[in-house]
Amino acid sequence: MQSGQFGSLRAHVEQGKLSEATLHAEIGEIVAGHKAGRERDDETILFWHRGLSLSDIALGAKMLDKAARLGIGQRLRYA
């Protein structure tokens with residue numbers, strides 16, 4: 001595991017795959033409705049979180065609530 005600025009994302013930054021030019025939004029901006037999420041199949045949403053597991057649970061609950069309210073998403077089998 002890499003530490004320091006960018007941590008495990010360092011390789012993506014160094015390869016030019018992740019930069020200010022390639023980053024559309026942070027997950028919070030998408031969840032809050034300030035920016036659109038994926039609009040095409042070739043787009044990827046990056047969620048890089050280095051916080052507490054409690055905040056992961058809270059964010060996940062908010063995302064599930066919003067998806068249910070909008071009638072979007074799909075169930076995945078856990079196996």
# chains A, B, ... in the order shown; residues from 1 in each chain; ligands from 1

$ select_by_dssp --residues "chain A" --states "alpha helix (DSSP H)" --output "VMD selection string"
chain A and resid 10 to 14 27 to 31 53 to 70

$ residues_around --residues "range 25-27 of chain A" --least-positions-apart "3" --cutoff "10 Å" --atoms "only C-alpha atoms" --output "MDAnalysis selection string"
chainID A and resid 20 22 30:37 45:49 59

$ write_last_selection --atoms "N, CA, C and O atoms" --output "compact mmCIF listing (two decimals), in the first residue's frame"
# COMPACT_ATOMS: atom_id res chain seq x y z
N GLU A 20 -6.74 16.70 -13.07
CA GLU A 20 -7.85 17.66 -13.03
C GLU A 20 -8.62 17.65 -14.34
O GLU A 20 -9.83 17.85 -14.36
N THR A 22 -9.12 15.00 -16.30
CA THR A 22 -9.90 13.77 -16.49
C THR A 22 -10.94 13.55 -15.39
O THR A 22 -11.81 12.71 -15.54
N ILE A 30 -21.91 14.47 -7.08
CA ILE A 30 -22.87 13.66 -7.82
C ILE A 30 -24.06 13.31 -6.92
O ILE A 30 -25.21 13.47 -7.30
N VAL A 31 -23.77 12.83 -5.71
CA VAL A 31 -24.83 12.44 -4.78
C VAL A 31 -25.72 13.64 -4.44
O VAL A 31 -26.94 13.51 -4.35
N ALA A 32 -25.10 14.82 -4.30
CA ALA A 32 -25.87 16.02 -3.96
C ALA A 32 -26.63 16.57 -5.16
O ALA A 32 -27.45 17.48 -5.00
N GLY A 33 -26.37 16.03 -6.35
CA GLY A 33 -27.08 16.49 -7.54
C GLY A 33 -26.47 17.73 -8.18
O GLY A 33 -27.07 18.32 -9.07
N HIS A 34 -25.26 18.12 -7.75
CA HIS A 34 -24.61 19.29 -8.33
C HIS A 34 -23.99 18.99 -9.70
O HIS A 34 -23.84 19.89 -10.51
N LYS A 35 -23.63 17.74 -9.91
CA LYS A 35 -23.09 17.32 -11.20
C LYS A 35 -23.71 15.98 -11.56
O LYS A 35 -24.12 15.21 -10.69
N ALA A 36 -23.78 15.71 -12.86
CA ALA A 36 -24.35 14.44 -13.33
C ALA A 36 -23.41 13.29 -13.06
O ALA A 36 -22.19 13.45 -13.03
N GLY A 37 -23.98 12.11 -12.86
CA GLY A 37 -23.18 10.89 -12.73
C GLY A 37 -22.86 10.34 -14.10
O GLY A 37 -22.79 11.09 -15.08
N ILE A 45 -17.05 5.95 -12.42
CA ILE A 45 -17.12 6.79 -11.22
C ILE A 45 -16.04 6.32 -10.27
O ILE A 45 -15.95 5.14 -9.93
N LEU A 46 -15.22 7.24 -9.84
CA LEU A 46 -14.16 6.93 -8.89
C LEU A 46 -14.57 7.43 -7.52
O LEU A 46 -14.96 8.59 -7.36
N PHE A 47 -14.50 6.55 -6.55
CA PHE A 47 -14.78 6.94 -5.17
C PHE A 47 -13.55 6.57 -4.36
O PHE A 47 -13.28 5.40 -4.12
N TRP A 48 -12.78 7.55 -3.97
CA TRP A 48 -11.56 7.32 -3.19
C TRP A 48 -11.80 7.89 -1.81
O TRP A 48 -11.88 9.09 -1.62
N HIS A 49 -11.96 7.00 -0.87
CA HIS A 49 -12.30 7.43 0.47
C HIS A 49 -11.26 6.92 1.45
O HIS A 49 -10.89 5.76 1.41
N LEU A 59 -22.68 7.23 4.00
CA LEU A 59 -22.75 7.59 2.58
C LEU A 59 -23.50 6.52 1.80
O LEU A 59 -24.34 6.83 0.96

$ closest_atom_pairs --of "range 17-76 of chain A" --to "range 9-13 of chain A" --cutoff "9 Å" --atoms "only C-alpha atoms" --output "Markdown table"
| residue | atom | partner | partner_atom | distance |
| --- | --- | --- | --- | --- |
| A:Lys17 | CA | A:His12 | CA | 5.0 |
| A:Leu18 | CA | A:Val13 | CA | 4.8 |
| A:Ser19 | CA | A:Val13 | CA | 6.2 |
| A:Trp48 | CA | A:Leu9 | CA | 8.5 |

$ atom_distance --atom1 "CA of Ile72 in chain A" --atom2 "CA of Asp42 in chain A"
18.8 Å

$ residues_around --residues "Gly60 in chain A" --least-positions-apart "4" --cutoff "12 Å" --atoms "only C-alpha atoms" --output "MDAnalysis selection string"
chainID A and resid 27:28 31 47 53:56 64:67

$ atom_distance --atom1 "CA of Gly16 in chain A" --atom2 "CA of Glu43 in chain A"
16.0 Å

$ atom_distance --atom1 "CA of Ala58 in chain A" --atom2 "CA of Gln74 in chain A"
19.5 Å

$ decode --residues "range 17-46 of chain A" --atoms "C-alpha atoms" --output "compact mmCIF listing (two decimals), in the first residue's frame"
# COMPACT_ATOMS: atom_id res chain seq x y z
CA LYS A 17 -5.22 8.51 -16.13
CA LEU A 18 -6.29 10.73 -13.23
CA SER A 19 -5.82 14.48 -13.37
CA GLU A 20 -7.85 17.66 -13.03
CA ALA A 21 -8.56 17.35 -16.75
CA THR A 22 -9.90 13.77 -16.49
CA LEU A 23 -11.79 14.13 -13.21
CA HIS A 24 -15.38 15.23 -13.79
CA ALA A 25 -16.60 15.41 -10.20
CA GLU A 26 -16.24 14.09 -6.70
CA ILE A 27 -18.81 11.57 -5.50
CA GLY A 28 -20.31 14.12 -3.10
CA GLU A 29 -21.09 16.48 -5.98
CA ILE A 30 -22.87 13.66 -7.82
CA VAL A 31 -24.83 12.44 -4.78
CA ALA A 32 -25.87 16.02 -3.96
CA GLY A 33 -27.08 16.49 -7.54
CA HIS A 34 -24.61 19.29 -8.33
CA LYS A 35 -23.09 17.32 -11.20
CA ALA A 36 -24.35 14.44 -13.33
CA GLY A 37 -23.18 10.89 -12.73
CA ARG A 38 -22.40 8.40 -15.48
CA GLU A 39 -23.99 9.32 -18.77
CA ARG A 40 -22.24 6.78 -21.03
CA ASP A 41 -21.09 3.16 -20.63
CA ASP A 42 -17.43 4.14 -21.08
CA GLU A 43 -17.46 6.47 -18.06
CA THR A 44 -16.29 5.37 -14.63
CA ILE A 45 -17.12 6.79 -11.22
CA LEU A 46 -14.16 6.93 -8.89
